[in-house]
>>> print(open('run_22.txt').read())   # compact mmCIF, C-alpha atoms
# COMPACT_ATOMS: atom_id res chain seq x y z
CA MET S 11 -4.99 28.80 -0.79
CA LYS S 12 -7.47 27.61 1.84
CA LYS S 13 -10.61 25.65 0.97
CA ASN S 14 -12.93 28.38 2.22
CA THR S 15 -11.20 31.02 0.07
CA TYR S 16 -11.69 28.74 -2.92
CA TYR S 17 -15.43 28.40 -2.23
CA LEU S 18 -15.69 32.16 -1.73
CA LEU S 19 -14.01 32.76 -5.10
CA ILE S 20 -16.40 30.31 -6.78
CA GLY S 21 -19.31 32.31 -5.33
CA CYS S 22 -17.80 35.53 -6.72
CA ILE S 23 -17.32 33.92 -10.15
CA ALA S 24 -20.96 32.75 -10.12
CA LEU S 25 -22.13 36.31 -9.33
CA ILE S 26 -19.94 37.75 -12.10
CA LEU S 27 -21.33 35.14 -14.51
CA LEU S 28 -24.88 36.13 -13.56
CA ALA S 29 -24.07 39.78 -14.26
CA ILE S 30 -22.49 38.86 -17.61
CA PHE S 31 -25.55 36.75 -18.42
CA TRP S 32 -27.86 39.74 -17.93
CA TYR S 33 -25.48 41.96 -19.88
CA SER S 34 -25.47 39.51 -22.80
CA VAL S 35 -29.29 39.45 -22.65
CA GLU S 36 -29.29 43.27 -22.77
CA ILE S 37 -26.99 43.48 -25.79
CA HIS S 38 -28.55 40.32 -27.26
CA ASN S 39 -25.22 38.62 -27.84
CA PRO S 40 -25.01 35.00 -26.64
CA LEU S 41 -21.30 34.80 -27.48
CA VAL S 42 -20.46 36.97 -24.44
CA ILE S 43 -21.97 34.59 -21.86
CA MET S 44 -20.77 31.50 -23.75
CA SER S 45 -17.14 32.64 -23.76
CA ALA S 46 -17.43 33.93 -20.16
CA PHE S 47 -18.71 30.52 -19.05
CA VAL S 48 -15.83 28.67 -20.69
CA ILE S 49 -13.29 31.12 -19.24
CA SER S 50 -14.81 30.77 -15.75
CA ILE S 51 -14.55 26.97 -15.91
CA VAL S 52 -10.86 27.29 -16.85
CA VAL S 53 -10.31 29.78 -13.97
CA ILE S 54 -12.09 27.47 -11.47
CA HIS S 55 -9.95 24.55 -12.66
CA PHE S 56 -6.81 26.64 -12.19
CA LEU S 57 -7.92 27.79 -8.71
CA ARG S 58 -8.69 24.21 -7.67
CA GLY S 59 -5.08 23.28 -8.29
CA LYS S 60 -4.00 26.00 -5.85
CA VAL S 61 -6.08 24.70 -2.91
CA THR S 62 -3.87 23.08 -0.28
CA ASP S 63 -6.34 21.63 2.24
CA LEU S 64 -8.82 20.00 -0.13
CA ILE S 65 -8.30 16.23 -0.01
CA GLU S 66 -9.71 14.41 -3.01
CA ASP S 67 -9.22 10.68 -2.66
CA GLU S 68 -10.33 7.71 -4.75
CA ARG S 69 -13.71 7.43 -3.00
CA SER S 70 -14.69 11.04 -3.70
CA ARG S 71 -13.45 10.67 -7.28
CA LYS S 72 -15.57 7.52 -7.65
CA ILE S 73 -18.67 9.35 -6.37
CA THR S 74 -18.13 12.13 -8.91
CA GLU S 75 -17.41 9.66 -11.70
CA GLN S 76 -20.46 7.46 -11.03
CA ALA S 77 -22.77 10.48 -10.70
CA THR S 78 -21.47 11.94 -13.97
CA VAL S 79 -21.79 8.67 -15.89
CA ARG S 80 -25.34 8.01 -14.66
CA THR S 81 -26.37 11.62 -15.39
CA PHE S 82 -25.12 11.32 -18.96
CA GLN S 83 -26.81 7.96 -19.42
CA VAL S 84 -30.22 9.27 -18.35
CA PHE S 85 -29.65 12.55 -20.18
CA CYS S 86 -28.72 10.76 -23.41
CA VAL S 87 -31.83 8.55 -23.25
CA THR S 88 -34.03 11.63 -22.66
CA LEU S 89 -32.34 13.56 -25.45
CA CYS S 90 -32.63 10.59 -27.81
CA ALA S 91 -36.35 10.21 -27.05
CA ILE S 92 -36.93 13.93 -27.71
CA SER S 93 -34.79 13.82 -30.86
CA ILE S 94 -36.74 10.84 -32.22
CA GLY S 95 -39.92 12.83 -31.61
CA ALA S 96 -38.42 15.79 -33.49
CA VAL S 97 -37.38 13.57 -36.41
CA MET S 98 -40.93 12.26 -36.56
CA GLN S 99 -42.08 15.87 -36.98
CA LEU S 100 -39.59 16.31 -39.84
CA LEU S 101 -40.88 13.26 -41.64
CA TYR S 102 -44.48 14.28 -41.17
CA VAL S 103 -46.46 13.81 -44.41
CA PRO S 104 -50.16 14.63 -44.47
CA THR S 105 -52.30 11.63 -45.22
CA LEU S 106 -54.51 11.73 -48.28
CA PRO S 107 -56.82 12.98 -49.60
CA ARG S 108 -55.22 16.40 -49.45
CA GLU S 109 -58.50 18.39 -49.72
CA LEU S 110 -59.94 16.58 -46.72
CA HIS S 111 -56.85 17.14 -44.67
CA THR S 112 -57.80 19.61 -41.95
CA THR S 113 -55.00 19.33 -39.37
CA LYS S 114 -52.37 22.07 -39.35
CA PRO S 115 -48.84 21.14 -40.42
CA PRO S 116 -46.34 20.97 -37.53
CA GLU S 117 -44.67 24.23 -36.61
CA VAL S 118 -40.92 24.60 -36.65
CA LEU S 119 -39.43 25.06 -33.18
CA GLY S 120 -38.76 28.80 -32.93
CA PRO S 121 -35.70 30.30 -31.23
CA ARG S 122 -37.71 31.32 -28.14
CA LEU S 123 -39.23 27.87 -27.76
CA MET S 124 -35.80 26.39 -28.37
CA GLY S 125 -34.49 28.49 -25.46
CA TYR S 126 -37.15 27.10 -23.13
CA PHE S 127 -36.36 23.61 -24.34
CA GLN S 128 -32.63 24.10 -23.65
CA LEU S 129 -33.46 25.56 -20.23
CA ALA S 130 -35.52 22.47 -19.40
CA LEU S 131 -32.67 20.21 -20.50
CA LEU S 132 -30.16 22.21 -18.46
CA CYS S 133 -32.38 22.00 -15.36
CA LEU S 134 -32.84 18.27 -15.93
CA MET S 135 -29.08 17.78 -16.15
CA ILE S 136 -28.44 19.75 -12.94
CA PHE S 137 -31.19 17.96 -10.99
CA LEU S 138 -30.04 14.57 -12.25
CA TYR S 139 -26.43 15.26 -11.30
CA VAL S 140 -27.31 16.51 -7.82
CA GLY S 141 -29.66 13.56 -7.27
CA PHE S 142 -27.14 10.97 -8.40
CA ARG S 143 -24.39 12.64 -6.40
CA ILE S 144 -26.47 12.45 -3.24
CA TYR S 145 -27.34 8.82 -4.02
CA TYR S 146 -23.73 7.72 -4.57
CA ALA S 147 -22.39 9.79 -1.68
CA ARG S 148 -24.88 7.98 0.55
CA LYS S 149 -24.00 4.62 -0.99
CA TYR S 150 -20.27 5.09 -0.38
CA GLY S 151 -20.73 6.24 3.20
CA GLU S 152 -20.30 10.00 2.90
CA TRP S 153 -22.55 10.77 5.84
CA GLU S 154 -21.78 7.71 7.94
CA THR S 155 -21.16 8.39 11.60
CA ASP S 156 -19.01 6.44 13.96
CA GLU S 157 -18.49 6.12 17.67
CA GLU S 158 -15.14 7.92 17.38
CA MET R 12 -14.83 -7.83 1.20
CA LYS R 13 -14.24 -7.97 4.96
CA ASN R 14 -11.47 -6.09 6.66
CA LYS R 15 -9.77 -5.77 10.02
CA ILE R 16 -8.73 -2.14 9.79
CA LYS R 17 -10.50 -1.33 13.03
CA VAL R 18 -8.61 -4.10 14.84
CA PHE R 19 -5.26 -2.99 13.45
CA ARG R 20 -6.01 0.61 14.33
CA ALA R 21 -6.78 -0.40 17.87
CA MET R 22 -3.57 -2.44 18.04
CA HIS R 23 -1.52 0.57 16.87
CA ASP R 24 -3.57 3.01 18.95
CA LEU R 25 -4.56 5.06 15.92
CA THR R 26 -7.62 7.11 15.20
CA GLN R 27 -9.34 7.11 11.81
CA GLU R 28 -8.03 10.65 11.34
CA ASP R 29 -4.41 9.53 12.01
CA LEU R 30 -4.62 6.63 9.58
CA ALA R 31 -6.33 8.77 6.94
CA ALA R 32 -3.66 11.45 7.21
CA ALA R 33 -0.88 8.84 7.04
CA ILE R 34 -2.10 7.28 3.79
CA GLY R 35 -3.49 10.46 2.21
CA VAL R 36 -7.24 9.89 2.21
CA THR R 37 -10.15 11.42 4.10
CA ARG R 38 -11.44 10.12 7.45
CA GLN R 39 -14.76 9.36 5.73
CA THR R 40 -12.98 6.98 3.37
CA ILE R 41 -11.46 5.02 6.26
CA LEU R 42 -14.86 4.95 7.96
CA ALA R 43 -16.59 3.80 4.75
CA ILE R 44 -14.02 1.01 4.27
CA GLU R 45 -14.35 -0.13 7.88
CA LYS R 46 -18.12 -0.26 7.59
CA GLY R 47 -17.95 -2.13 4.29
CA LYS R 48 -19.63 0.68 2.39
CA TYR R 49 -16.67 1.15 0.09
CA VAL R 50 -14.24 -1.42 -1.31
CA PRO R 51 -10.81 0.19 -1.69
CA SER R 52 -8.69 -0.10 -4.80
CA LEU R 53 -5.71 -2.47 -4.77
CA ASP R 54 -3.43 0.51 -4.48
CA LEU R 55 -5.15 1.81 -1.34
CA ALA R 56 -5.46 -1.69 0.13
CA PHE R 57 -1.70 -2.20 -0.26
CA LYS R 58 -1.01 1.21 1.25
CA ILE R 59 -3.10 0.35 4.31
CA SER R 60 -1.55 -3.08 4.81
CA ARG R 61 1.99 -1.75 4.29
CA TYR R 62 1.30 0.96 6.83
CA PHE R 63 0.50 -1.75 9.39
CA GLN R 64 3.47 -3.81 8.06
CA VAL R 65 1.40 -6.91 7.38
CA ASN R 66 0.31 -8.84 4.30
CA ILE R 67 -2.73 -7.54 2.45
CA GLU R 68 -4.66 -10.73 3.25
CA GLU R 69 -4.26 -10.16 6.96
CA VAL R 70 -6.16 -6.90 6.67
CA PHE R 71 -8.56 -7.70 3.84
CA GLN R 72 -10.44 -10.97 3.40
CA TYR R 73 -12.04 -11.66 0.09
CA GLU R 74 -15.44 -13.32 0.30
CA GLU R 75 -16.51 -15.25 -2.73
CA HIS R 76 -20.14 -14.73 -3.58
CA GLU R 77 -22.26 -17.83 -3.39
CA VAL R 78 -22.92 -19.19 -6.86
CA ARG R 79 -26.55 -20.15 -7.29
CA THR R 80 -27.14 -23.29 -9.29
CA ILE R 81 -30.37 -24.55 -10.69
CA ASP R 82 -30.98 -28.26 -10.92
CA ILE R 83 -32.71 -29.26 -14.11
CA ASP R 84 -34.37 -32.65 -13.92
>>> encode(input="run_22.txt", output="structure tokens")
Amino acid sequence: MKKNTYYLLIGCIALILLAIFWYSVEIHNPLVIMSAFVISIVVIHFLRGKVTDLIEDERSRKITEQATVRTFQVFCVTLCAISIGAVMQLLYVPTLPRELHTTKPPEVLGPRLMGYFQLALLCLMIFLYVGFRIYYARKYGEWETDEE
Amino acid sequence: MKNKIKVFRAMHDLTQEDLAAAIGVTRQTILAIEKGKYVPSLDLAFKISRYFQVNIEEVFQYEEHEVRTIDID
């Protein structure tokens, strides 16, 4: 399989995933999109093995590896900071005296708010990965030009 | 790490594309190594030097980083 065919198939898979996503929203069943996503990753992995003209050498692997590691490092720190904040909410105890206490107790994060939160984390992860990938690709001479 | 890949390529009348194809990497990798942007693994360094049929040290020269010392009176 040629490289361009592979990229075309990835585009098709992304469109199918988008359609499945809207379908799962319609029927209100997250399991559909979750399983479709996992299956699509497996299919993409299988297709990648069939590409003949895609050269992946140690430099490109290093760029991917470094970008992934840095993304997870920043992501973990962000997630930890948010989690610590959430734990603080769990341990919240109103100060005394109780009758003078006027502030409202903290609200539990609802499923809708949780969805927005997950969306923000997902976007953060994607932006971080793309940013780090560009940084490391630049560092390891991806867009270097020569006199040849 | 300094290298003389460009010199050896010129001696063998090879383009970056030719060398890359011969050792199974991309042209960008050869370019990045030549420009010192990327330090190859031992495996790749041996492949390159064996391709030119020379010792690894003839192609790659290791430069020891200057160790900074502080004098305490």
>>> closest_atom_pairs(input="run_22.txt", of="chain R", to="chain S", cutoff="9 Å", atoms="all atoms listed in the file", output="CSV")
residue,atom,partner,partner_atom,distance
R:Thr26,CA,S:Glu158,CA,7.9
R:Gln27,CA,S:Glu158,CA,8.1
R:Gly35,CA,S:Asp67,CA,7.5
R:Val36,CA,S:Asp67,CA,5.3
R:Thr37,CA,S:Ile65,CA,6.6
R:Gln39,CA,S:Glu152,CA,6.3
R:Thr40,CA,S:Arg69,CA,6.4
R:Leu42,CA,S:Asp156,CA,7.4
R:Ala43,CA,S:Gly151,CA,5.0
R:Ile44,CA,S:Gly151,CA,8.6
R:Lys46,CA,S:Gly151,CA,8.3
R:Gly47,CA,S:Gly151,CA,8.9
R:Lys48,CA,S:Tyr150,CA,5.2
R:Tyr49,CA,S:Tyr150,CA,5.4
R:Val50,CA,S:Tyr150,CA,8.9
R:Pro51,CA,S:Arg69,CA,7.9
R:Ser52,CA,S:Glu68,CA,8.0
R:Leu55,CA,S:Glu68,CA,8.6
>>> residues_around(input="run_22.txt", residues="segment 64-68 of chain R", least_positions_apart="4", cutoff="10 Å", atoms="only C-alpha atoms", output="PyMOL selection string")
chain R and resi 14-15+19+53+56-60+72-73
>>> atom_distance(input="run_22.txt", atom1="atom CA of Asn39 of chain S", atom2="atom CA of Gln128 of chain S")
16.8 Å
>>> atom_distance(input="run_22.txt", atom1="atom CA of Ile23 of chain S", atom2="atom CA of Ser50 of chain S")
6.9 Å
>>> atom_distance(input="run_22.txt", atom1="atom CA of Gly141 of chain S", atom2="atom CA of Ile73 of chain S")
11.8 Å
>>> decode(input="run_22.txt", residues="segment 29-59 of chain R", atoms="N, CA and C atoms", output="compact mmCIF listing (two decimals), in the first residue's frame")
# COMPACT_ATOMS: atom_id res chain seq x y z
N ASP R 29 21.13 8.87 -1.82
CA ASP R 29 21.76 7.56 -2.09
C ASP R 29 22.20 6.90 -0.79
N LEU R 30 22.88 7.69 0.05
CA LEU R 30 23.38 7.14 1.31
C LEU R 30 22.21 6.72 2.22
N ALA R 31 21.19 7.57 2.25
CA ALA R 31 20.01 7.27 3.08
C ALA R 31 19.35 5.97 2.64
N ALA R 32 19.20 5.81 1.34
CA ALA R 32 18.57 4.60 0.80
C ALA R 32 19.43 3.37 1.09
N ALA R 33 20.75 3.55 1.03
CA ALA R 33 21.65 2.41 1.24
C ALA R 33 21.63 1.91 2.67
N ILE R 34 21.46 2.82 3.64
CA ILE R 34 21.47 2.37 5.04
C ILE R 34 20.08 2.34 5.68
N GLY R 35 19.07 2.65 4.89
CA GLY R 35 17.68 2.50 5.35
C GLY R 35 17.18 3.57 6.30
N VAL R 36 17.57 4.81 6.03
CA VAL R 36 17.03 5.95 6.80
C VAL R 36 16.50 7.00 5.81
N THR R 37 15.97 8.08 6.35
CA THR R 37 15.48 9.13 5.46
C THR R 37 16.61 10.12 5.13
N ARG R 38 16.42 10.87 4.06
CA ARG R 38 17.43 11.87 3.67
C ARG R 38 17.58 12.93 4.77
N GLN R 39 16.43 13.23 5.42
CA GLN R 39 16.46 14.24 6.49
C GLN R 39 17.35 13.80 7.65
N THR R 40 17.40 12.50 7.89
CA THR R 40 18.24 11.99 8.98
C THR R 40 19.72 12.20 8.64
N ILE R 41 20.09 11.91 7.40
CA ILE R 41 21.49 12.12 6.98
C ILE R 41 21.83 13.61 7.08
N LEU R 42 20.90 14.43 6.63
CA LEU R 42 21.12 15.89 6.68
C LEU R 42 21.26 16.37 8.12
N ALA R 43 20.39 15.86 9.00
CA ALA R 43 20.43 16.26 10.42
C ALA R 43 21.74 15.82 11.08
N ILE R 44 22.23 14.62 10.71
CA ILE R 44 23.51 14.14 11.27
C ILE R 44 24.66 15.02 10.77
N GLU R 45 24.65 15.29 9.48
CA GLU R 45 25.71 16.11 8.89
C GLU R 45 25.78 17.49 9.53
N LYS R 46 24.60 18.05 9.81
CA LYS R 46 24.56 19.39 10.38
C LYS R 46 24.73 19.40 11.89
N GLY R 47 24.88 18.21 12.48
CA GLY R 47 25.06 18.12 13.92
C GLY R 47 23.81 18.33 14.74
N LYS R 48 22.66 18.25 14.06
CA LYS R 48 21.38 18.43 14.77
C LYS R 48 20.96 17.15 15.47
N TYR R 49 21.44 16.04 14.95
CA TYR R 49 21.05 14.75 15.52
C TYR R 49 22.28 13.85 15.66
N VAL R 50 22.44 13.27 16.85
CA VAL R 50 23.55 12.35 17.09
C VAL R 50 23.01 10.93 16.85
N PRO R 51 23.59 10.21 15.89
CA PRO R 51 23.05 8.88 15.58
C PRO R 51 23.35 7.87 16.68
N SER R 52 22.58 6.80 16.67
CA SER R 52 22.83 5.72 17.63
C SER R 52 24.09 4.99 17.19
N LEU R 53 24.64 4.17 18.07
CA LEU R 53 25.84 3.39 17.74
C LEU R 53 25.59 2.51 16.53
N ASP R 54 24.40 1.94 16.51
CA ASP R 54 24.02 1.05 15.42
C ASP R 54 24.11 1.77 14.07
N LEU R 55 23.50 2.95 14.02
CA LEU R 55 23.49 3.72 12.77
C LEU R 55 24.90 4.23 12.43
N ALA R 56 25.65 4.64 13.45
CA ALA R 56 27.02 5.12 13.22
C ALA R 56 27.89 4.01 12.61
N PHE R 57 27.73 2.78 13.14
CA PHE R 57 28.48 1.64 12.59
C PHE R 57 28.05 1.34 11.15
N LYS R 58 26.74 1.44 10.91
CA LYS R 58 26.23 1.18 9.56
C LYS R 58 26.86 2.15 8.56
N ILE R 59 26.92 3.43 8.96
CA ILE R 59 27.46 4.46 8.07
C ILE R 59 28.95 4.21 7.81
